[in-house]
There are 2 protein chains.
Amino acid sequence: MTTLIEVAKRAGVSKSTASNVLRGGAVVADATRKRVERAMAETGYHPNAIARSLKARASTVIGLLVPDLTNPFYAELAGAVERAANALGYAVLTAHTECSPPIENDAGRALIERRVDGVIIGGISLGSPMPKTLLDRNIPVALVSFGEPEDPRLGIVDQNDHAAMEKIVAYLFDLGHRKLTFVPHDLREHSGERRRLGFESALARRGLKPTGFNQGATAAVAHNDMQAIALMDRLESQGLRVPHDVSVVGYDDVPMARHSRIRLTTVRSDSIEMGRKAVDLIVTAARAGRHVAYREIANNPLIIRSTTTRPKT
Amino acid sequence: MTTLIEVAKRAGVSKSTASNVLRGGAVVADATRKRVERAMAETGYHPNAIARSLKARASTVIGLLVPDLTNPFYAELAGAVERAANALGYAVLTAHTECSPPIENDAGRALIERRVDGVIIGGISLGSPMPKTLLDRNIPVALVSFGEPEDPRLGIVDQNDHAAMEKIVAYLFDLGHRKLTFVPHDLREHSGERRRLGFESALARRGLKPTGFNQGATAAVAHNDMQAIALMDRLESQGLRVPHDVSVVGYDDVPMARHSRIRLTTVRSDSIEMGRKAVDLIVTAARAGRHVAYREIANNPLIIRSTTTRPKT
DNA sequence: TTCCCCGTTTGGATCGTTCCAATCGAGTTG
DNA sequence: CAACTCGATTGGAACGATCCAAACGGGGAA
């Protein structure tokens with residue numbers, strides 16, 4: 001790999017001048033600039049971002065923590081984050097956490113060691129110390145789609161899960177459902193847990209309690225679309241019909257939810273817009289060299305499709 | 001951020017000794033080691049991977065190029081790559097290419113500048129110069145799920161698209177289909193194009209030619225499951241029934257293909273295993289400091305589900 | 001001719017590690 | 001008691017950029 005010194009030598013200038021051509025640190029005479037640029041082209045020079053990062057004490061890398069890319073919500077988020085980051089000259093280091101504290105821990109340590117300029121957390125296990133750990137090291141953190149601002153240093157692009165659950169329950173209640181169940185999520189993560197709580201308080205407001213399938217539930221609310229679609233699969237494999245026997249509601253409105261064979265009733269969340277905003281937050285904070293407190297709560301509309309109907313009889 | 005020098009100072013040793021404790025370069029007396037470790041714990045020291053990379057001339061970062069994470073095939077691949085890489089101490093820099101040459105170009109440049117130790121390409125535009133560019137810079141490249149070994153330096157974990165297309169066409173032909181169409185893919189990428197060619201030669205072997213929908217095609221083969229599922233959506237929105245009016249076949253066997261509402265006939269490809277092997281290839285090459293030629297071609301079984309049947313009448 | 005100015009150019013220090021060669025010092029041997 | 005050994009420790013030079021203060025040098029003014 002050619003270095004800047006080699007380029008400088010070939011152009012007959014000092015490394016400082018070559019560096020000035022590269023970064024525009026100082027005025028460089030036109031003729032000199034041309035010679036250096038030619039030398040760069042001839043040697044196929046590519047600046048060493050690692051050396052630059054060391055000197056600059058900034059890596060222009062953003063860490064992205066997601067539970068599972070297989071969920072299209074996170075896949076879209078990752079795509080949006082990456083596009084927005086690239087447009088600003090940042091690269092994205094992606095890490096799956098699977099909402100498992102030890103894995104999250106390792107991932108966090110790796111991001112700190114690699115000196116990322118900020119971390120976007122798309123999902124994390126309940127009660128994880130990670131955001132605080134990062135903030136304490138002065139690394140900006142943006143939470144996407146979840147997060148209460150216990151820490152005033154956090155950037156948050158949130159959704160109103162409570163309001164969304166209220167909409168869902170109100171809709172199902174009006175259809176006549178009285179036995180509703182929440183699909184338990186194995187991943188003990190923030191957003192799933194918050195949705196469960198929102199679901200339960202929406203029920204409580206109507207004097208109801210969650211009712212499992214074995215107690216004859218007629219409607220099921222999942223904490224995201226993938227769970228809802230998997231649930232439909234399970235129900236239909238057992239010979240139950242959706243929505244005739246059981247109504248099913250999801251959350252996220254992933255592309256698959258719109259498919260003619262699925263047509264899932266769900267709540268829309270705009271992963272792409274949230275991803276973009278999170279990058280803005282992180283880059284702003286990184287450039288300012290300090291945390292930028294921010295909180296935005298999206299309003300998520302309920303999208304009624306064909307997996308919900310009145311309960312039978 | 002604490003540095004090793006600060007740790008050393010606190011422990012009353014030189015930075016060399018502290019470094020030896022960290023990396024085990026030389027023997028360190030037990031008492032000294034303990035003192036240094038204590039100092040590290042007390043200061044919350046995290047080694048600076050950037051400085052280490054600069055000195056080591058190796059970043060322990062792998063680049064991953066995928067067209068689109070929204071496709072579960074690539075999402076699973078990315079997950080597998082990342083898990084395997086993490087287990088070996090590597091981080092993954094992910095970049096979407098969308099099979100667009102300018103974006104691929106930028107992504108490639110970014111990976112070179114960041115001095116990744118190798119690049120895994122999950123998909124790329126037809127005729128892209130990227131693999132050669134990277135190989136010429138002595139960066140190991142592994143191609144996943146596609147790739148002819150024009151370049152003997154490439155690591156390839158391939159699928160047998162031609163054989164798979166032969167299986168699909170033979171199956172549809174035996175069912176009685178004579179008017180088959182291939183779903184055109186907008187992304188001019190390697191694997192899609194190869195599958196189309198495989199499809200056409202399988203037809204030719206039976207004296208057939210591709211027949212579009214407007215010419216009454218009774219079966220459609222898509223270059224991947226997502227396209228097949230999208231096609232089903234389009235057909236069914238137009239009032240056509242799958243498989244009664246049109247049989248549909250996909251490729252990849254993404255989780256969604258198994259869903260009770262989809263039950264897509266498809267070809268299985270093992271993204272997870274391929275991702276793991278690609279990481280092995282790259283890490284082996286990176287550690288050896290040279291390219292490692294390798295080629296493996298998976299045998300992909302045809303999975304018959306419910307989107308295919310005899311043509312009507 | 002000499003001095004000064006100002007646009008260019010340059011050497012050197014620095015970022016935080018690693019690693020090699022050199023040094024130190026306690027214990028062993030002749 | 002001097003010479004030697006060998007385990008433990010250390011200083012300093014990289015790695016490849018950036019950036020500051022200092023040096024350079026050609027042209028205009030006195």
# chains A, B, ... in the order shown; residues from 1 in each chain; ligands from 1
$ interface_residues --of "chain A" --to "chain C" --cutoff "10 Å" --atoms "only C-alpha atoms (C1' of nucleotides)" --output "number ranges by chain"
A: 13-17, 26-29, 32, 51-57
$ interface_residues --of "chain B" --to "chain A" --cutoff "7 Å" --atoms "only C-alpha atoms" --output "VMD selection string"
chain B and resid 46 to 51 54 69 to 70 72 75 to 76 79 82 92 to 95 113 to 115 233 236 to 237 259 to 262
$ select_by_dssp --residues "segment 22-256 of chain B" --states "helix (DSSP H, G or I)" --output "MDAnalysis selection string"
chainID B and resid 22:23 30:43 49:56 72:87 101:113 130:136 161:175 190:205 213:215 225:237 255:256
$ write_last_selection --atoms "C-alpha atoms" --output "CSV table (one decimal), in the first residue's frame"
chain,number,residue,atom,x,y,z
B,22,LEU,CA,-2.1,-6.8,27.6
B,23,ARG,CA,-0.7,-8.9,24.7
B,30,ASP,CA,3.1,-12.4,38.6
B,31,ALA,CA,3.2,-9.5,41.0
B,32,THR,CA,3.8,-7.0,38.3
B,33,ARG,CA,1.0,-8.5,36.1
B,34,LYS,CA,-1.4,-8.2,39.0
B,35,ARG,CA,-0.5,-4.6,39.6
B,36,VAL,CA,-1.0,-3.7,36.0
B,37,GLU,CA,-4.3,-5.5,35.8
B,38,ARG,CA,-5.5,-3.7,38.8
B,39,ALA,CA,-4.6,-0.4,37.3
B,40,MET,CA,-6.5,-1.3,34.2
B,41,ALA,CA,-9.6,-2.3,36.1
B,42,GLU,CA,-9.4,0.9,38.2
B,43,THR,CA,-9.1,3.2,35.3
B,49,ALA,CA,-7.9,-0.8,18.5
B,50,ILE,CA,-7.1,2.0,16.1
B,51,ALA,CA,-3.6,2.5,17.4
B,52,ARG,CA,-3.1,-1.3,17.4
B,53,SER,CA,-4.3,-1.6,13.9
B,54,LEU,CA,-2.0,1.1,12.7
B,55,LYS,CA,1.0,-0.6,14.2
B,56,ALA,CA,-0.1,-4.1,13.2
B,72,PRO,CA,-33.8,-12.3,4.3
B,73,PHE,CA,-31.2,-14.3,2.4
B,74,TYR,CA,-28.8,-11.5,2.8
B,75,ALA,CA,-30.0,-10.7,6.3
B,76,GLU,CA,-29.2,-14.3,7.4
B,77,LEU,CA,-25.9,-14.2,5.6
B,78,ALA,CA,-25.0,-11.0,7.3
B,79,GLY,CA,-26.0,-12.5,10.7
B,80,ALA,CA,-23.9,-15.6,10.1
B,81,VAL,CA,-20.9,-13.5,8.9
B,82,GLU,CA,-21.1,-11.3,11.9
B,83,ARG,CA,-21.4,-14.1,14.4
B,84,ALA,CA,-18.5,-16.1,12.9
B,85,ALA,CA,-16.4,-12.9,12.6
B,86,ASN,CA,-17.0,-11.8,16.1
B,87,ALA,CA,-16.1,-15.3,17.4
B,101,PRO,CA,-22.0,0.4,-9.8
B,102,PRO,CA,-21.5,4.0,-8.4
B,103,ILE,CA,-22.6,2.9,-4.9
B,104,GLU,CA,-20.4,-0.2,-5.1
B,105,ASN,CA,-17.5,1.9,-6.1
B,106,ASP,CA,-17.9,4.3,-3.1
B,107,ALA,CA,-18.4,1.3,-0.8
B,108,GLY,CA,-15.2,-0.3,-2.2
B,109,ARG,CA,-13.2,2.8,-1.8
B,110,ALA,CA,-14.4,3.2,1.8
B,111,LEU,CA,-13.4,-0.3,2.6
B,112,ILE,CA,-10.0,0.1,1.1
B,113,GLU,CA,-9.4,3.4,3.0
B,130,MET,CA,-14.5,-4.6,-7.7
B,131,PRO,CA,-13.1,-8.1,-6.9
B,132,LYS,CA,-10.1,-7.5,-9.1
B,133,THR,CA,-9.5,-4.0,-7.7
B,134,LEU,CA,-9.5,-5.5,-4.2
B,135,LEU,CA,-7.4,-8.5,-5.1
B,136,ASP,CA,-4.8,-6.3,-6.8
B,161,ASP,CA,-27.5,-22.5,-10.0
B,162,HIS,CA,-27.5,-24.3,-13.3
B,163,ALA,CA,-28.2,-27.7,-11.7
B,164,ALA,CA,-30.9,-26.1,-9.6
B,165,MET,CA,-32.6,-24.5,-12.6
B,166,GLU,CA,-32.4,-27.9,-14.4
B,167,LYS,CA,-34.2,-29.4,-11.4
B,168,ILE,CA,-36.9,-26.8,-11.4
B,169,VAL,CA,-37.5,-26.9,-15.1
B,170,ALA,CA,-37.5,-30.8,-15.1
B,171,TYR,CA,-40.1,-30.8,-12.3
B,172,LEU,CA,-42.3,-28.2,-14.0
B,173,PHE,CA,-42.0,-30.0,-17.3
B,174,ASP,CA,-42.9,-33.3,-15.8
B,175,LEU,CA,-46.0,-31.7,-14.3
B,190,HIS,CA,-24.4,-12.0,-11.0
B,191,SER,CA,-26.5,-14.6,-9.4
B,192,GLY,CA,-29.8,-13.5,-10.9
B,193,GLU,CA,-28.3,-13.4,-14.4
B,194,ARG,CA,-26.8,-16.8,-14.0
B,195,ARG,CA,-30.0,-18.3,-12.9
B,196,ARG,CA,-31.8,-16.8,-15.9
B,197,LEU,CA,-29.2,-18.4,-18.2
B,198,GLY,CA,-29.5,-21.7,-16.4
B,199,PHE,CA,-33.3,-21.5,-16.8
B,200,GLU,CA,-33.0,-20.8,-20.5
B,201,SER,CA,-30.6,-23.6,-21.2
B,202,ALA,CA,-32.8,-26.0,-19.3
B,203,LEU,CA,-35.7,-25.0,-21.4
B,204,ALA,CA,-33.6,-25.2,-24.6
B,205,ARG,CA,-32.6,-28.8,-23.7
B,213,PHE,CA,-47.3,-14.0,-19.2
B,214,ASN,CA,-49.0,-12.3,-22.1
B,215,GLN,CA,-48.4,-15.4,-24.2
B,225,ASP,CA,-37.9,-16.1,-3.0
B,226,MET,CA,-38.6,-12.4,-2.4
B,227,GLN,CA,-39.2,-11.9,-6.1
B,228,ALA,CA,-41.4,-15.0,-6.2
B,229,ILE,CA,-43.4,-13.8,-3.2
B,230,ALA,CA,-43.8,-10.4,-4.7
B,231,LEU,CA,-44.9,-12.0,-8.0
B,232,MET,CA,-47.6,-14.0,-6.1
B,233,ASP,CA,-48.8,-10.8,-4.7
B,234,ARG,CA,-49.0,-9.2,-8.1
B,235,LEU,CA,-50.8,-12.2,-9.7
B,236,GLU,CA,-53.3,-12.5,-6.9
B,237,SER,CA,-54.0,-8.8,-6.9
B,255,PRO,CA,-38.1,-18.5,6.4
B,256,MET,CA,-41.1,-16.8,5.0
$ residues_around --residues "Arg295 of chain A" --least-positions-apart "3" --cutoff "7 Å" --atoms "only C-alpha atoms (C1' of nucleotides)" --output "list in words"
Gly155, Ile156 and Val157 of chain A
$ write_last_selection --atoms "C-alpha atoms" --output "compact mmCIF listing (two decimals), in the first residue's frame"
# COMPACT_ATOMS: atom_id res chain seq x y z
CA GLY A 155 -30.82 10.99 21.84
CA ILE A 156 -34.14 9.27 21.37
CA VAL A 157 -36.25 8.67 18.29
$ interface_residues --of "chain D" --to "chain A" --cutoff "9 Å" --atoms "only C-alpha atoms (C1' of nucleotides)" --output "number ranges by chain"
D: 15-19
$ write_last_selection --atoms "N, CA and C atoms (P, O5', C5', C4', C3', O3' and C1' of nucleotides)" --output "tab-separated table (two decimals), in the first residue's frame"
chain	number	residue	atom	x	y	z
D	15	DC	P	7.69	2.20	9.38
D	15	DC	O5'	6.11	2.05	9.51
D	15	DC	C5'	5.50	0.87	10.01
D	15	DC	C4'	4.09	1.19	10.42
D	15	DC	C3'	3.47	2.32	9.61
D	15	DC	O3'	2.68	1.76	8.56
D	15	DC	C1'	3.00	2.52	11.97
D	16	DG	P	2.90	2.36	7.05
D	16	DG	O5'	1.99	3.67	7.03
D	16	DG	C5'	0.60	3.54	7.16
D	16	DG	C4'	0.01	4.90	7.39
D	16	DG	C3'	0.40	5.94	6.35
D	16	DG	O3'	-0.78	6.62	5.97
D	16	DG	C1'	0.80	6.78	8.49
D	17	DA	P	-0.84	7.60	4.68
D	17	DA	O5'	-0.95	9.02	5.39
D	17	DA	C5'	-2.17	9.71	5.42
D	17	DA	C4'	-2.55	10.08	6.84
D	17	DA	C3'	-2.63	11.58	7.07
D	17	DA	O3'	-3.99	11.96	6.97
D	17	DA	C1'	-1.44	10.47	8.85
D	18	DT	P	-4.29	13.51	6.65
D	18	DT	O5'	-3.97	14.24	8.04
D	18	DT	C5'	-4.83	14.02	9.15
D	18	DT	C4'	-4.41	14.91	10.28
D	18	DT	C3'	-4.46	16.40	9.95
D	18	DT	O3'	-4.99	17.04	11.10
D	18	DT	C1'	-2.29	15.83	10.66
D	19	DC	P	-5.67	18.50	11.00
D	19	DC	O5'	-4.60	19.44	11.72
D	19	DC	C5'	-4.01	19.01	12.95
D	19	DC	C4'	-2.86	19.93	13.30
D	19	DC	C3'	-2.96	21.33	12.66
D	19	DC	O3'	-2.43	22.25	13.60
D	19	DC	C1'	-0.95	20.34	12.02
$ atom_distance --atom1 "atom CA of Asn300 of chain A" --atom2 "atom CA of Phe182 of chain A"
18.8 Å
$ atom_distance --atom1 "atom CA of Gly118 of chain B" --atom2 "atom CA of Ser100 of chain B"
21.0 Å
$ closest_residue --among "A:Leu180, A:Asp245, A:Ala18, A:Asp117" --to "Thr284 of chain A" --atoms "only C-alpha atoms"
A:Asp117
$ atom_distance --atom1 "atom CA of Val249 of chain A" --atom2 "atom CA of Leu64 of chain A"
28.4 Å
$ residues_around --residues "Gly176 of chain A" --least-positions-apart "6" --cutoff "12 Å" --atoms "only C-alpha atoms (C1' of nucleotides)" --output "ChimeraX atom specification"
/A:169-170,218-219,247,308-313
$ write_last_selection --atoms "N, CA and C atoms" --output "mmCIF file, in the first residue's frame"
data_model
loop_
_atom_site.group_PDB
_atom_site.id
_atom_site.type_symbol
_atom_site.label_atom_id
_atom_site.label_comp_id
_atom_site.auth_asym_id
_atom_site.auth_seq_id
_atom_site.Cartn_x
_atom_site.Cartn_y
_atom_site.Cartn_z
ATOM 1 N N VAL A 169 -56.258 -2.039 21.058
ATOM 2 C CA VAL A 169 -57.229 -2.623 21.990
ATOM 3 C C VAL A 169 -58.610 -1.990 21.783
ATOM 4 N N ALA A 170 -58.640 -0.677 21.569
ATOM 5 C CA ALA A 170 -59.925 -0.007 21.338
ATOM 6 C C ALA A 170 -60.605 -0.605 20.111
ATOM 7 N N THR A 218 -59.914 -14.769 21.662
ATOM 8 C CA THR A 218 -60.415 -14.606 20.292
ATOM 9 C C THR A 218 -59.566 -13.617 19.503
ATOM 10 N N ALA A 219 -58.625 -12.982 20.178
ATOM 11 C CA ALA A 219 -57.761 -12.039 19.479
ATOM 12 C C ALA A 219 -56.380 -12.049 20.113
ATOM 13 N N SER A 247 -58.421 -13.353 15.708
ATOM 14 C CA SER A 247 -57.913 -12.145 15.068
ATOM 15 C C SER A 247 -56.468 -11.943 15.493
ATOM 16 N N THR A 308 -58.093 -9.310 11.112
ATOM 17 C CA THR A 308 -58.928 -9.008 12.272
ATOM 18 C C THR A 308 -60.386 -8.919 11.827
ATOM 19 N N THR A 309 -61.271 -9.420 12.655
ATOM 20 C CA THR A 309 -62.707 -9.329 12.379
ATOM 21 C C THR A 309 -63.451 -9.524 13.695
ATOM 22 N N ARG A 310 -64.778 -9.462 13.637
ATOM 23 C CA ARG A 310 -65.565 -9.696 14.851
ATOM 24 C C ARG A 310 -65.325 -11.108 15.362
ATOM 25 N N PRO A 311 -65.386 -11.321 16.647
ATOM 26 C CA PRO A 311 -65.270 -12.695 17.169
ATOM 27 C C PRO A 311 -66.496 -13.495 16.741
ATOM 28 N N LYS A 312 -66.354 -14.812 16.590
ATOM 29 C CA LYS A 312 -67.525 -15.562 16.128
ATOM 30 C C LYS A 312 -68.546 -15.728 17.254
ATOM 31 N N THR A 313 -69.809 -15.792 16.844
ATOM 32 C CA THR A 313 -70.993 -15.815 17.723
ATOM 33 C C THR A 313 -70.987 -14.767 18.823
#
$ select_by_dssp --residues "segment 62-163 of chain A" --states "strand (DSSP E)" --output "JSON, numbers by chain"
{"A": [62, 63, 64, 65, 66, 91, 92, 93, 94, 95, 96, 118, 119, 120, 121, 141, 142, 143, 144, 155, 156, 157, 158, 159]}
$ decode --residues "chain C" --atoms "N, CA and C atoms (P, O5', C5', C4', C3', O3' and C1' of nucleotides)" --output "compact mmCIF listing (two decimals), in the first residue's frame"
# COMPACT_ATOMS: atom_id res chain seq x y z
P DT C 1 23.06 45.15 -6.98
O5' DT C 1 22.95 45.83 -5.57
C5' DT C 1 23.86 46.74 -5.02
C4' DT C 1 23.32 47.04 -3.66
C3' DT C 1 23.01 45.78 -2.85
O3' DT C 1 23.47 45.95 -1.52
C1' DT C 1 21.04 47.12 -3.05
P DT C 2 23.49 44.70 -0.50
O5' DT C 2 22.29 45.07 0.47
C5' DT C 2 22.21 46.39 1.03
C4' DT C 2 20.87 46.54 1.72
C3' DT C 2 20.45 45.34 2.58
O3' DT C 2 20.06 45.82 3.85
C1' DT C 2 18.72 45.90 1.06
P DC C 3 19.73 44.81 5.07
O5' DC C 3 18.16 45.03 5.24
C5' DC C 3 17.62 46.35 5.14
C4' DC C 3 16.11 46.25 5.06
C3' DC C 3 15.51 45.14 5.93
O3' DC C 3 14.48 45.70 6.74
C1' DC C 3 14.71 44.96 3.70
P DC C 4 13.70 44.81 7.82
O5' DC C 4 12.30 44.62 7.10
C5' DC C 4 11.76 45.70 6.31
C4' DC C 4 10.52 45.21 5.61
C3' DC C 4 9.70 44.19 6.40
O3' DC C 4 8.33 44.58 6.32
C1' DC C 4 10.22 43.33 4.25
P DC C 5 7.20 43.87 7.19
O5' DC C 5 6.25 43.29 6.06
C5' DC C 5 6.09 44.01 4.82
C4' DC C 5 5.41 43.11 3.82
C3' DC C 5 4.44 42.10 4.45
O3' DC C 5 3.25 42.09 3.69
C1' DC C 5 6.06 40.96 3.13
P DC C 6 1.88 41.56 4.26
O5' DC C 6 1.60 40.31 3.34
C5' DC C 6 1.90 40.38 1.93
C4' DC C 6 2.06 38.97 1.40
C3' DC C 6 1.14 37.95 2.09
O3' DC C 6 0.68 37.04 1.10
C1' DC C 6 3.35 37.22 2.24
P DG C 7 -0.79 36.44 1.16
O5' DG C 7 -0.71 35.32 0.03
C5' DG C 7 -0.10 35.65 -1.23
C4' DG C 7 0.82 34.52 -1.66
C3' DG C 7 0.20 33.11 -1.55
O3' DG C 7 0.62 32.37 -2.68
C1' DG C 7 2.18 33.19 -0.27
P DT C 8 0.00 30.92 -3.05
O5' DT C 8 1.27 29.99 -2.99
C5' DT C 8 1.97 29.90 -1.79
C4' DT C 8 3.22 29.08 -2.05
C3' DT C 8 2.99 27.57 -1.92
O3' DT C 8 3.92 26.89 -2.75
C1' DT C 8 4.29 28.40 -0.09
P DT C 9 3.89 25.29 -2.86
O5' DT C 9 4.91 24.89 -1.71
C5' DT C 9 6.27 25.31 -1.80
C4' DT C 9 7.00 24.92 -0.55
C3' DT C 9 6.88 23.44 -0.16
O3' DT C 9 8.17 22.86 -0.20
C1' DT C 9 6.61 24.86 1.73
P DT C 10 8.36 21.31 0.12
O5' DT C 10 8.79 21.39 1.64
C5' DT C 10 9.93 22.15 2.01
C4' DT C 10 10.12 22.08 3.51
C3' DT C 10 10.09 20.67 4.09
O3' DT C 10 11.24 20.46 4.87
C1' DT C 10 8.66 22.10 5.32
P DG C 11 11.89 19.02 4.94
O5' DG C 11 12.21 18.93 6.50
C5' DG C 11 12.91 20.01 7.11
C4' DG C 11 12.54 20.09 8.58
C3' DG C 11 12.68 18.78 9.37
O3' DG C 11 13.35 19.11 10.58
C1' DG C 11 10.46 19.64 9.60
P DG C 12 13.82 17.98 11.56
O5' DG C 12 12.64 17.98 12.64
C5' DG C 12 12.09 19.24 13.07
C4' DG C 12 10.98 18.98 14.07
C3' DG C 12 11.09 17.65 14.81
O3' DG C 12 10.61 17.87 16.12
C1' DG C 12 9.06 17.70 13.64
P DA C 13 10.90 16.82 17.28
O5' DA C 13 9.55 16.90 18.12
C5' DA C 13 8.87 18.16 18.21
C4' DA C 13 7.38 17.92 18.40
C3' DA C 13 7.04 16.72 19.30
O3' DA C 13 5.98 17.11 20.16
C1' DA C 13 5.99 16.46 17.22
P DT C 14 5.54 16.15 21.35
O5' DT C 14 4.22 15.48 20.74
C5' DT C 14 3.13 16.30 20.32
C4' DT C 14 2.09 15.42 19.67
C3' DT C 14 1.81 14.11 20.41
O3' DT C 14 0.48 14.15 20.89
C1' DT C 14 1.98 13.79 18.06
P DC C 15 0.09 13.21 22.13
O5' DC C 15 -0.98 12.24 21.48
C5' DC C 15 -2.09 12.75 20.75
C4' DC C 15 -2.67 11.65 19.89
C3' DC C 15 -2.57 10.28 20.55
O3' DC C 15 -3.81 9.99 21.19
C1' DC C 15 -1.89 10.22 18.23
P DG C 16 -3.74 9.40 22.71
O5' DG C 16 -3.43 7.86 22.50
C5' DG C 16 -4.39 7.04 21.87
C4' DG C 16 -3.81 5.67 21.65
C3' DG C 16 -3.28 4.99 22.91
O3' DG C 16 -3.69 3.65 22.88
C1' DG C 16 -1.60 5.05 21.28
P DT C 17 -3.54 2.67 24.11
O5' DT C 17 -3.20 1.30 23.38
C5' DT C 17 -1.86 0.87 23.30
C4' DT C 17 -1.63 0.36 21.90
C3' DT C 17 -0.66 -0.81 21.90
O3' DT C 17 -1.33 -1.99 21.56
C1' DT C 17 0.09 0.97 20.44
P DT C 18 -0.65 -3.38 21.99
O5' DT C 18 0.61 -3.50 21.00
C5' DT C 18 0.37 -3.71 19.62
C4' DT C 18 1.69 -3.84 18.90
C3' DT C 18 2.57 -4.98 19.40
O3' DT C 18 3.11 -5.62 18.24
C1' DT C 18 3.77 -2.95 19.48
P DC C 19 3.68 -7.10 18.31
O5' DC C 19 5.26 -6.88 18.23
C5' DC C 19 5.78 -6.02 17.22
C4' DC C 19 7.25 -5.76 17.52
C3' DC C 19 7.96 -6.89 18.26
O3' DC C 19 9.27 -6.96 17.75
C1' DC C 19 8.21 -4.92 19.46
P DC C 20 9.99 -8.37 17.57
O5' DC C 20 11.48 -7.93 17.22
C5' DC C 20 11.70 -6.71 16.50
C4' DC C 20 12.82 -5.93 17.14
C3' DC C 20 13.92 -6.81 17.74
O3' DC C 20 15.19 -6.37 17.28
C1' DC C 20 13.17 -5.21 19.34
P DA C 21 16.45 -7.32 17.44
O5' DA C 21 17.45 -6.36 18.19
C5' DA C 21 17.44 -4.95 17.90
C4' DA C 21 17.93 -4.20 19.12
C3' DA C 21 19.15 -4.81 19.80
O3' DA C 21 20.05 -3.77 20.11
C1' DA C 21 17.40 -4.58 21.38
P DA C 22 21.48 -4.07 20.73
O5' DA C 22 21.33 -3.42 22.17
C5' DA C 22 20.75 -2.12 22.29
C4' DA C 22 20.44 -1.85 23.74
C3' DA C 22 21.56 -2.29 24.70
O3' DA C 22 21.82 -1.22 25.60
C1' DA C 22 19.49 -3.20 25.38
P DT C 23 23.03 -1.28 26.65
O5' DT C 23 22.24 -1.33 28.03
C5' DT C 23 21.11 -0.46 28.23
C4' DT C 23 20.39 -0.92 29.47
C3' DT C 23 21.32 -1.24 30.65
O3' DT C 23 20.91 -0.44 31.74
C1' DT C 23 19.74 -2.97 30.33
P DC C 24 21.82 -0.28 33.04
O5' DC C 24 20.95 -1.05 34.13
C5' DC C 24 19.52 -0.93 34.09
C4' DC C 24 18.92 -2.02 34.94
C3' DC C 24 19.75 -2.39 36.17
O3' DC C 24 18.92 -2.26 37.31
C1' DC C 24 19.10 -4.34 34.97
P DG C 25 19.59 -2.06 38.77
O5' DG C 25 19.24 -3.44 39.49
C5' DG C 25 18.05 -4.14 39.15
C4' DG C 25 18.19 -5.58 39.62
C3' DG C 25 19.21 -5.80 40.73
O3' DG C 25 18.73 -6.83 41.56
C1' DG C 25 19.79 -7.13 38.91
P DA C 26 18.89 -6.78 43.15
O5' DA C 26 18.44 -8.24 43.58
C5' DA C 26 17.30 -8.84 42.96
C4' DA C 26 17.57 -10.29 42.67
C3' DA C 26 18.35 -11.02 43.77
O3' DA C 26 17.77 -12.30 43.96
C1' DA C 26 19.50 -11.23 41.73
P DG C 27 18.16 -13.24 45.16
O5' DG C 27 18.81 -14.49 44.44
C5' DG C 27 18.12 -15.09 43.34
C4' DG C 27 19.09 -15.96 42.57
C3' DG C 27 19.93 -16.89 43.46
O3' DG C 27 19.94 -18.18 42.87
C1' DG C 27 21.33 -15.64 42.02
P DT C 28 20.55 -19.47 43.67
O5' DT C 28 21.68 -19.96 42.66
C5' DT C 28 21.39 -20.03 41.26
C4' DT C 28 22.67 -20.23 40.48
C3' DT C 28 23.64 -21.26 41.10
O3' DT C 28 24.00 -22.20 40.08
C1' DT C 28 24.77 -19.23 40.60
P DT C 29 24.80 -23.53 40.43
O5' DT C 29 26.25 -23.18 39.89
C5' DT C 29 26.41 -22.70 38.55
C4' DT C 29 27.82 -22.17 38.37
C3' DT C 29 28.92 -23.09 38.92
O3' DT C 29 29.82 -23.42 37.87
C1' DT C 29 29.27 -20.84 39.59
P DG C 30 30.87 -24.58 38.04
O5' DG C 30 32.25 -23.78 38.05
C5' DG C 30 32.58 -22.92 36.97
C4' DG C 30 33.81 -22.10 37.33
C3' DG C 30 34.98 -22.92 37.89
O3' DG C 30 36.20 -22.41 37.38
C1' DG C 30 34.35 -21.29 39.47
